[in-house]
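A.B. asks: One file is attached below, work-v6.txt, containing compact mmCIF, C-alpha atoms and all ligand atoms.
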```txt
# COMPACT_ATOMS: atom_id res chain seq x y z
CA MET A 490 13.28 15.96 -11.78
CA PRO A 491 13.40 12.96 -9.40
CA LEU A 492 10.71 10.39 -10.12
CA THR A 493 10.04 9.87 -6.43
CA LEU A 494 10.18 12.15 -3.42
CA LEU A 495 10.84 11.13 0.16
CA GLU A 496 9.92 13.20 3.19
CA LYS A 497 10.64 12.00 6.70
CA ASN A 498 8.95 13.39 9.73
CA GLY A 499 10.13 11.49 12.79
CA PRO A 500 8.97 7.89 12.43
CA VAL A 501 6.60 8.64 9.52
CA ALA A 502 7.85 8.74 5.93
CA ILE A 503 5.91 10.02 2.93
CA LEU A 504 6.91 8.49 -0.39
CA THR A 505 5.52 10.34 -3.41
CA VAL A 506 5.48 9.20 -7.02
CA ASN A 507 6.62 12.36 -8.79
CA ARG A 508 5.71 12.27 -12.45
CA PRO A 509 2.67 14.53 -12.46
CA ASP A 510 2.90 15.45 -16.17
CA LYS A 511 2.18 11.77 -16.96
CA LEU A 512 -0.24 11.37 -14.06
CA ASN A 513 2.46 9.43 -12.18
CA ALA A 514 2.31 6.52 -14.64
CA LEU A 515 4.67 3.69 -13.69
CA ASN A 516 7.51 2.79 -16.01
CA ALA A 517 10.53 0.64 -15.13
CA GLU A 518 12.47 3.68 -13.91
CA VAL A 519 9.72 4.71 -11.49
CA LEU A 520 9.35 1.13 -10.23
CA GLY A 521 13.13 0.95 -9.77
CA GLU A 522 13.23 4.22 -7.81
CA LEU A 523 10.32 3.17 -5.65
CA ALA A 524 12.10 -0.12 -4.87
CA CYS A 525 15.29 1.76 -4.00
CA GLN A 526 13.55 4.26 -1.76
CA PHE A 527 11.58 1.50 -0.09
CA ALA A 528 14.72 -0.53 0.59
CA GLY A 529 16.16 2.56 2.29
CA LEU A 530 13.07 2.84 4.49
CA GLU A 531 13.23 -0.86 5.40
CA ASN A 532 16.85 -0.38 6.48
CA ASP A 533 16.04 2.69 8.57
CA ALA A 534 15.20 1.49 12.08
CA ASP A 535 13.53 4.83 12.89
CA VAL A 536 10.80 4.36 10.28
CA ARG A 537 7.56 3.05 11.77
CA ALA A 538 4.97 3.91 9.09
CA VAL A 539 4.99 4.93 5.44
CA ILE A 540 2.44 6.91 3.44
CA LEU A 541 2.42 6.45 -0.31
CA THR A 542 0.90 9.14 -2.50
CA GLY A 543 1.11 10.81 -5.92
CA ALA A 544 2.34 14.27 -6.90
CA GLY A 545 -0.02 16.84 -8.38
CA GLU A 546 -3.71 17.47 -8.16
CA LYS A 547 -5.03 14.85 -10.57
CA ALA A 548 -3.56 11.45 -9.91
CA PHE A 549 -2.27 8.98 -7.37
CA ILE A 550 -1.01 6.74 -10.19
CA ALA A 551 -2.92 6.57 -13.52
CA GLY A 552 -1.53 3.12 -14.26
CA ALA A 553 1.45 1.42 -15.75
CA ASP A 554 3.02 3.55 -18.49
CA ILE A 555 1.18 2.70 -21.70
CA ALA A 556 3.82 4.36 -23.91
CA ALA A 557 6.54 2.25 -22.29
CA MET A 558 4.47 -0.94 -22.55
CA ARG A 559 3.19 -0.74 -26.12
CA ASP A 560 6.16 -2.37 -27.83
CA LEU A 561 7.14 -4.84 -25.12
CA SER A 562 7.83 -8.43 -26.13
CA THR A 563 6.33 -11.28 -24.14
CA VAL A 564 9.62 -11.72 -22.31
CA ASP A 565 9.90 -8.01 -21.47
CA ALA A 566 6.26 -7.86 -20.38
CA LYS A 567 6.87 -10.73 -17.97
CA ARG A 568 9.94 -8.93 -16.62
CA PHE A 569 7.91 -5.71 -16.15
CA SER A 570 5.09 -7.60 -14.42
CA ASP A 571 7.61 -9.40 -12.18
CA MET A 572 9.13 -6.04 -11.26
CA GLY A 573 5.74 -4.71 -10.19
CA HIS A 574 4.91 -7.87 -8.26
CA ALA A 575 8.27 -7.78 -6.47
CA LEU A 576 7.77 -4.17 -5.38
CA LEU A 577 4.24 -4.77 -4.15
CA ALA A 578 5.24 -7.94 -2.30
CA ARG A 579 7.87 -5.81 -0.60
CA PHE A 580 5.19 -3.37 0.61
CA GLU A 581 3.28 -6.32 2.03
CA ARG A 582 6.31 -7.89 3.72
CA ALA A 583 7.55 -4.67 5.34
CA ARG A 584 7.70 -4.56 9.14
CA PHE A 585 5.72 -1.29 9.13
CA PRO A 586 2.37 -0.35 7.59
CA VAL A 587 2.19 1.30 4.19
CA ILE A 588 -0.86 3.55 3.89
CA ALA A 589 -2.04 4.59 0.42
CA ALA A 590 -3.23 8.21 0.31
CA VAL A 591 -5.09 8.19 -3.00
CA ASN A 592 -5.32 11.77 -4.27
CA GLY A 593 -6.96 11.27 -7.68
CA PHE A 594 -6.79 8.57 -10.37
CA ALA A 595 -5.74 5.14 -9.12
CA LEU A 596 -6.22 3.18 -12.32
CA GLY A 597 -4.69 -0.09 -13.46
CA GLY A 598 -1.25 -0.33 -11.83
CA GLY A 599 -2.27 2.56 -9.57
CA CYS A 600 -5.19 0.62 -8.16
CA GLU A 601 -2.89 -2.39 -7.82
CA VAL A 602 -0.28 -0.39 -5.90
CA ALA A 603 -2.98 0.90 -3.55
CA LEU A 604 -4.27 -2.65 -3.06
CA ALA A 605 -0.84 -3.83 -1.92
CA CYS A 606 -0.75 -1.14 0.76
CA ASP A 607 -2.09 -2.04 4.20
CA PHE A 608 -5.11 0.16 3.74
CA ILE A 609 -6.30 3.05 1.64
CA TYR A 610 -7.45 6.55 2.53
CA ALA A 611 -8.98 8.34 -0.46
CA ALA A 612 -9.65 11.96 -1.34
CA ASP A 613 -13.20 12.66 -2.45
CA ASN A 614 -11.92 13.16 -6.03
CA ALA A 615 -10.27 9.70 -6.11
CA LYS A 616 -11.15 7.34 -8.96
CA PHE A 617 -10.44 3.64 -9.02
CA GLY A 618 -10.58 0.98 -11.70
CA GLN A 619 -8.83 -1.75 -13.63
CA PRO A 620 -9.22 -0.47 -17.22
CA GLU A 621 -6.58 -2.77 -18.77
CA VAL A 622 -9.16 -4.58 -20.95
CA ASN A 623 -9.62 -1.29 -22.84
CA LEU A 624 -5.99 -1.73 -23.93
CA GLY A 625 -6.25 -5.41 -24.79
CA VAL A 626 -4.56 -6.70 -21.65
CA ILE A 627 -5.36 -7.59 -18.04
CA PRO A 628 -3.95 -6.30 -14.74
CA GLY A 629 -0.30 -7.30 -14.36
CA PHE A 630 0.64 -6.21 -10.85
CA GLY A 631 -1.72 -8.45 -8.88
CA GLY A 632 -5.01 -6.66 -9.60
CA THR A 633 -7.04 -9.74 -10.46
CA GLN A 634 -5.99 -11.41 -7.22
CA ARG A 635 -5.80 -8.66 -4.62
CA LEU A 636 -8.94 -6.93 -5.89
CA ALA A 637 -10.95 -10.18 -5.69
CA ARG A 638 -9.66 -10.81 -2.18
CA ARG A 639 -10.55 -7.26 -1.14
CA ILE A 640 -13.95 -6.59 -2.73
CA GLY A 641 -15.14 -10.12 -3.55
CA ILE A 642 -14.77 -12.12 -6.71
CA ALA A 643 -18.03 -11.08 -8.38
CA ARG A 644 -17.32 -7.37 -8.04
CA ALA A 645 -13.69 -7.92 -9.10
CA ARG A 646 -14.86 -9.77 -12.20
CA GLU A 647 -17.11 -6.84 -13.09
CA TRP A 648 -14.35 -4.28 -12.48
CA CYS A 649 -11.72 -6.24 -14.46
CA MET A 650 -14.04 -7.16 -17.34
CA THR A 651 -15.83 -3.84 -17.87
CA GLY A 652 -12.81 -1.63 -17.22
CA ASP A 653 -15.20 0.85 -15.60
CA ILE A 654 -13.96 3.64 -13.36
CA TYR A 655 -15.50 4.14 -9.92
CA GLY A 656 -15.66 7.09 -7.56
CA ALA A 657 -14.42 7.13 -3.98
CA ASP A 658 -17.95 6.53 -2.65
CA VAL A 659 -18.26 3.24 -4.56
CA ALA A 660 -14.76 2.21 -3.50
CA LEU A 661 -15.72 2.92 0.11
CA SER A 662 -18.90 0.88 0.00
CA ALA A 663 -17.06 -1.97 -1.77
CA GLY A 664 -14.54 -2.08 1.10
CA LEU A 665 -11.64 -1.06 -1.11
CA VAL A 666 -10.96 2.11 0.86
CA ASN A 667 -11.24 2.68 4.59
CA LEU A 668 -11.95 6.41 4.57
CA VAL A 669 -12.94 9.18 2.15
CA VAL A 670 -12.03 12.76 3.07
CA PRO A 671 -11.92 16.15 1.33
CA ARG A 672 -8.82 16.40 -0.85
CA ALA A 673 -7.24 19.09 1.34
CA GLU A 674 -7.42 16.86 4.43
CA LEU A 675 -6.10 13.65 2.89
CA LEU A 676 -2.45 13.82 3.89
CA GLU A 677 -3.18 15.15 7.36
CA ARG A 678 -5.58 12.27 8.03
CA ALA A 679 -3.10 9.72 6.73
CA LYS A 680 -0.33 11.30 8.83
CA ALA A 681 -2.50 11.23 11.96
CA THR A 682 -3.15 7.50 11.54
CA ALA A 683 0.49 6.78 10.66
CA THR A 684 1.64 8.69 13.74
CA LYS A 685 -0.77 6.79 15.95
CA ILE A 686 0.51 3.43 14.65
CA ALA A 687 4.12 4.62 14.97
CA GLN A 688 3.58 5.02 18.73
CA LYS A 689 2.62 1.37 19.25
CA GLY A 690 5.06 -1.44 19.88
CA PRO A 691 6.87 -1.88 16.55
CA LEU A 692 7.35 -5.63 17.01
CA ALA A 693 3.63 -6.03 17.67
CA ILE A 694 2.79 -3.97 14.58
CA ALA A 695 5.13 -6.10 12.47
CA GLN A 696 3.55 -9.32 13.77
CA ALA A 697 0.00 -8.02 13.35
CA LYS A 698 0.79 -7.10 9.74
CA ARG A 699 2.45 -10.44 9.07
CA VAL A 700 -0.26 -12.60 10.59
CA LEU A 701 -3.11 -10.65 8.95
CA LEU A 702 -1.43 -11.08 5.56
CA ARG A 703 -0.23 -14.67 5.86
CA GLY A 704 -3.37 -15.89 7.57
CA ALA A 705 -5.70 -14.50 4.91
CA ASP A 706 -4.97 -17.30 2.46
CA GLU A 707 -4.85 -20.12 5.02
CA SER A 708 -7.56 -22.20 6.67
CA LEU A 709 -8.88 -20.67 9.88
CA GLU A 710 -7.14 -23.38 11.87
CA THR A 711 -3.73 -22.73 10.28
CA ALA A 712 -4.21 -18.97 10.47
CA ASN A 713 -5.10 -19.13 14.15
CA GLU A 714 -2.00 -21.23 14.76
CA LEU A 715 0.10 -18.56 13.02
CA GLU A 716 -1.50 -16.01 15.32
CA ALA A 717 -0.84 -18.08 18.45
CA GLN A 718 2.82 -18.50 17.51
CA ALA A 719 3.28 -14.79 16.81
CA PHE A 720 1.44 -13.91 20.04
CA ALA A 721 3.73 -16.21 22.04
CA GLN A 722 6.86 -14.93 20.32
CA LEU A 723 6.09 -11.38 21.41
CA PHE A 724 6.38 -12.51 25.04
CA GLY A 725 10.10 -12.88 24.41
CA SER A 726 10.38 -9.14 23.70
CA VAL A 727 11.41 -6.31 26.00
CA ASP A 728 8.47 -4.33 24.61
CA GLN A 729 5.88 -6.82 25.88
CA LYS A 730 7.25 -6.58 29.44
CA GLU A 731 7.45 -2.80 29.11
CA GLY A 732 3.94 -2.44 27.61
CA MET A 733 2.27 -4.51 30.32
CA SER A 734 4.39 -3.05 33.15
CA ALA A 735 3.61 0.52 32.02
CA PHE A 736 -0.11 -0.29 32.10
CA LEU A 737 0.04 -1.86 35.56
CA GLU A 738 2.27 0.91 36.94
CA LYS A 739 -0.01 3.56 35.40
CA ARG A 740 2.84 5.27 33.55
CA ALA A 741 3.63 6.19 29.95
CA VAL A 742 5.01 3.35 27.85
CA ALA A 743 8.43 3.53 26.18
CA PHE A 744 8.77 0.93 23.46
CA LEU A 745 12.28 0.11 22.24
CA GLY A 746 11.53 -2.22 19.35
CA LYS A 747 13.37 -5.01 21.17
N1 LIG B 801 0.53 5.72 -19.22
C1 LIG B 801 1.21 6.66 -19.88
N2 LIG B 801 0.84 7.94 -19.92
C2 LIG B 801 -0.28 8.29 -19.27
C3 LIG B 801 -1.04 7.36 -18.56
C4 LIG B 801 -0.59 6.02 -18.54
N3 LIG B 801 -1.24 5.06 -17.86
N4 LIG B 801 -2.11 7.98 -18.02
C5 LIG B 801 -2.00 9.27 -18.38
N5 LIG B 801 -0.89 9.46 -19.13
C6 LIG B 801 -0.40 10.70 -19.74
C7 LIG B 801 -1.21 11.09 -20.96
O1 LIG B 801 -0.76 10.39 -22.09
C8 LIG B 801 -0.92 12.57 -21.02
O2 LIG B 801 0.36 12.75 -21.56
P1 LIG B 801 0.62 13.94 -22.67
O3 LIG B 801 0.26 15.21 -21.95
O4 LIG B 801 2.06 13.82 -22.99
O5 LIG B 801 -0.31 13.66 -23.79
C9 LIG B 801 -0.85 12.97 -19.55
O6 LIG B 801 -0.58 11.77 -18.82
C10 LIG B 801 -2.15 13.55 -19.02
O7 LIG B 801 -3.20 12.61 -19.26
P2 LIG B 801 -4.55 12.98 -20.05
O8 LIG B 801 -5.07 11.72 -20.65
O9 LIG B 801 -4.32 14.12 -20.95
O10 LIG B 801 -5.45 13.45 -18.82
P3 LIG B 801 -7.04 13.42 -18.74
O11 LIG B 801 -7.38 14.18 -17.51
O12 LIG B 801 -7.64 13.83 -20.03
O13 LIG B 801 -7.42 11.88 -18.52
C11 LIG B 801 -7.20 9.69 -17.53
C12 LIG B 801 -7.05 11.22 -17.33
C13 LIG B 801 -6.62 9.04 -16.27
C14 LIG B 801 -8.69 9.31 -17.67
C15 LIG B 801 -6.44 9.23 -18.80
O14 LIG B 801 -5.14 9.77 -18.74
C16 LIG B 801 -6.33 7.74 -18.93
O15 LIG B 801 -7.28 7.09 -19.30
N6 LIG B 801 -5.13 7.19 -18.64
C17 LIG B 801 -4.87 5.77 -18.81
C18 LIG B 801 -5.51 4.97 -17.70
C19 LIG B 801 -5.23 3.50 -17.91
O16 LIG B 801 -5.68 2.88 -18.84
N7 LIG B 801 -4.46 2.94 -16.98
C20 LIG B 801 -4.14 1.54 -17.01
C21 LIG B 801 -2.87 1.32 -17.73
S1 LIG B 801 -2.46 -0.42 -17.75
```
Translate the structure of the given file into C-alpha cells.

C.D. replies:
Amino acid sequence: MPLTLLEKNGPVAILTVNRPDKLNALNAEVLGELACQFAGLENDADVRAVILTGAGEKAFIAGADIAAMRDLSTVDAKRFSDMGHALLARFERARFPVIAAVNGFALGGGCEVALACDFIYAADNAKFGQPEVNLGVIPGFGGTQRLARRIGIARAREWCMTGDIYGADVALSAGLVNLVVPRAELLERAKATATKIAQKGPLAIAQAKRVLLRGADESLETANELEAQAFAQLFGSVDQKEGMSAFLEKRAVAFLGK
C-alpha cells in the first residue's frame, strides 16, 4: 500500500498521508514519500494549490512514529528532525498555498505539519496538541517555534509543557485553525478555497505567500520594504498588465503565470 496518495483535479492537488492503521504516523519512509510527491507538485506548472490531509476516519497525522523513534541515537534523531524540518520548510517555500485539511488527530508531528501549511481547515472531530513531553521529548519538527508564532508564546508554552489535547473549537479560538466544519464537508470546503486561489494570478499568489512568510520575522520597516519590492516586481509581469486591463475593459481575466 502506498504511504501517500496524490489526486489531481485541474490546478488543485490533494496529497494524502496513507497509513491509517497507524493513524498516519510519520516515519522516515512517509517523510521521504511526502518530499518526493511534493517535489513533483513543485515541478508541475499546472499545480496552483495543494490540500494536505490524512487517510481514514480518525487521524490527520497522530505524530511522528513512536515505534520508529524509540531506539534512535542522538545522531539519528537529529537526522530525523532535520528531515521533518526540510519537508516543512519546503511547504512554506512553495509557490502555491498548501492547505491542511485536518480530519482527526493532529498531534505532535501532525500538529507541526499542519502549522507549516499556509492555513488550516479542521473537521469538528479534529484534535490538536503537542504531547511529546508525555514521551520524554519535545516537538522536533518546528512545533515550539511555529506554534508560539501562531497562537502566542504563553499558550504555546502551556500546550508544549502540559501535552494536553485540544478540540477544534479551542484551536479555532486560539487562531490555530481558520475554519471548523462538519467532517463530511471538510474536503469540499478546502477544495472550494483551493480552487478560488487557483484562479488568481499565480505570480501574485507566490509573492503574497513569500512576503507574508518572510516578513513575519522581520521588523515592520524591513517587512514593508520586502512587500514594496515584491509589489514592484509584479509590474514586470504579463499577468499584472492582463489583470488590470481585464478590469478596465470589463472582461474576464486570463492569467498566464508570466
Ligand atoms: N506513532 C506510532 N504509532 C502510532 C502513533 C504514533 N504517533 N499514534 C498511533 N499509533 C498507532 C498505535 O500504536 C496503534 O497501532 P497498533 O494497532 O498496531 O497497536 C494504531 O496507531 C491505532 O492507535 P490507538 O492508540 O490504538 O488509537 P486510539 O484511538 O486508542 O488512540 C491516540 C488515538 C491518537 C490518542 C493515540 O494513538 C496516541 O496517543 N498516539 C500517540 C500520539 C503522540 O504522542 N504523538 C506525538 C508523537 S511525537

A.B. asks: Using only C-alpha atoms and all ligand atoms, which residues of the polymer chains come no farther than 9 Å from ligand LIG 801 (chain B)? I'd like the answer as a ChimeraX atom specification.

C.D. replies: /A:508-516,547-548,550-558,593-600,616,618-624,626-629,652,654

A.B. asks: Please produce, as a Markdown table, a per-residue contact table for region 563-597 of chain A versus region 703-718 of chain A (criterion: any atom at most 12 Å away, all atoms listed in the file considered), showing the nearest atom pair and its distance in Å to one decimal, sorted by chain then residue number.

C.D. replies:
```
| residue | atom | partner | partner_atom | distance |
| --- | --- | --- | --- | --- |
| A:Ala578 | CA | A:Arg703 | CA | 11.9 |
| A:Glu581 | CA | A:Arg703 | CA | 9.8 |
| A:Arg582 | CA | A:Arg703 | CA | 9.7 |
```

A.B. asks: I'd like the neighbourhood of region 498-504 of chain A as a PDB file with C-alpha atoms, in the frame of the given file, where a residue qualifies if any of its atoms comes within 10 Å (using all atoms listed in the file), though same-chain residues fewer than 4 positions away should be ignored.

C.D. replies:
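Final output, saved to result_29.pdb:
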```pdb
ATOM      1  CA  THR A 493      10.040   9.870  -6.430  1.00  0.00           C
ATOM      2  CA  LEU A 494      10.180  12.150  -3.420  1.00  0.00           C
ATOM      3  CA  LEU A 523      10.320   3.170  -5.650  1.00  0.00           C
ATOM      4  CA  GLN A 526      13.550   4.260  -1.760  1.00  0.00           C
ATOM      5  CA  PHE A 527      11.580   1.500  -0.090  1.00  0.00           C
ATOM      6  CA  LEU A 530      13.070   2.840   4.490  1.00  0.00           C
ATOM      7  CA  ASP A 533      16.040   2.690   8.570  1.00  0.00           C
ATOM      8  CA  ALA A 534      15.200   1.490  12.080  1.00  0.00           C
ATOM      9  CA  ASP A 535      13.530   4.830  12.890  1.00  0.00           C
ATOM     10  CA  VAL A 536      10.800   4.360  10.280  1.00  0.00           C
ATOM     11  CA  ARG A 537       7.560   3.050  11.770  1.00  0.00           C
ATOM     12  CA  ALA A 538       4.970   3.910   9.090  1.00  0.00           C
ATOM     13  CA  VAL A 539       4.990   4.930   5.440  1.00  0.00           C
ATOM     14  CA  ILE A 540       2.440   6.910   3.440  1.00  0.00           C
ATOM     15  CA  LEU A 541       2.420   6.450  -0.310  1.00  0.00           C
ATOM     16  CA  THR A 542       0.900   9.140  -2.500  1.00  0.00           C
ATOM     17  CA  GLY A 543       1.110  10.810  -5.920  1.00  0.00           C
ATOM     18  CA  ALA A 544       2.340  14.270  -6.900  1.00  0.00           C
ATOM     19  CA  PHE A 585       5.720  -1.290   9.130  1.00  0.00           C
ATOM     20  CA  VAL A 587       2.190   1.300   4.190  1.00  0.00           C
ATOM     21  CA  ILE A 588      -0.860   3.550   3.890  1.00  0.00           C
ATOM     22  CA  ALA A 589      -2.040   4.590   0.420  1.00  0.00           C
ATOM     23  CA  ALA A 590      -3.230   8.210   0.310  1.00  0.00           C
ATOM     24  CA  LEU A 676      -2.450  13.820   3.890  1.00  0.00           C
ATOM     25  CA  ALA A 679      -3.100   9.720   6.730  1.00  0.00           C
ATOM     26  CA  LYS A 680      -0.330  11.300   8.830  1.00  0.00           C
ATOM     27  CA  ALA A 681      -2.500  11.230  11.960  1.00  0.00           C
ATOM     28  CA  ALA A 683       0.490   6.780  10.660  1.00  0.00           C
ATOM     29  CA  THR A 684       1.640   8.690  13.740  1.00  0.00           C
ATOM     30  CA  LYS A 685      -0.770   6.790  15.950  1.00  0.00           C
ATOM     31  CA  ILE A 686       0.510   3.430  14.650  1.00  0.00           C
ATOM     32  CA  ALA A 687       4.120   4.620  14.970  1.00  0.00           C
ATOM     33  CA  GLN A 688       3.580   5.020  18.730  1.00  0.00           C
TER      34      GLN A 688
END
```

A.B. asks: Contacts of region 563-577 of chain A at 7 Å or less, counting all atoms listed in the file, minus same-chain residues fewer than 4 places along, as a list in words?

C.D. replies: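 Near region 563-577 of chain A, the qualifying residues are Ala517, Leu520, Ala524, Glu581, Val602, Ala605, Gly629, Phe630 and Gly631 of chain A.
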
A.B. asks: Might you pull out every residue within 8 Å of Asn614 (chain A), with all atoms listed in the file counted and same-chain residues fewer than 3 positions away left off, and present them as a PyMOL selection string?

C.D. replies: chain A and resi 592-593+611+656-657+671-672

A.B. asks: From the set A:Arg646, A:Lys747, A:Arg635, A:Lys497, which residue has the shortest atom-to-atom contact distance to Gln722 (chain A), counting all atoms listed in the file?

C.D. replies: A:Lys747
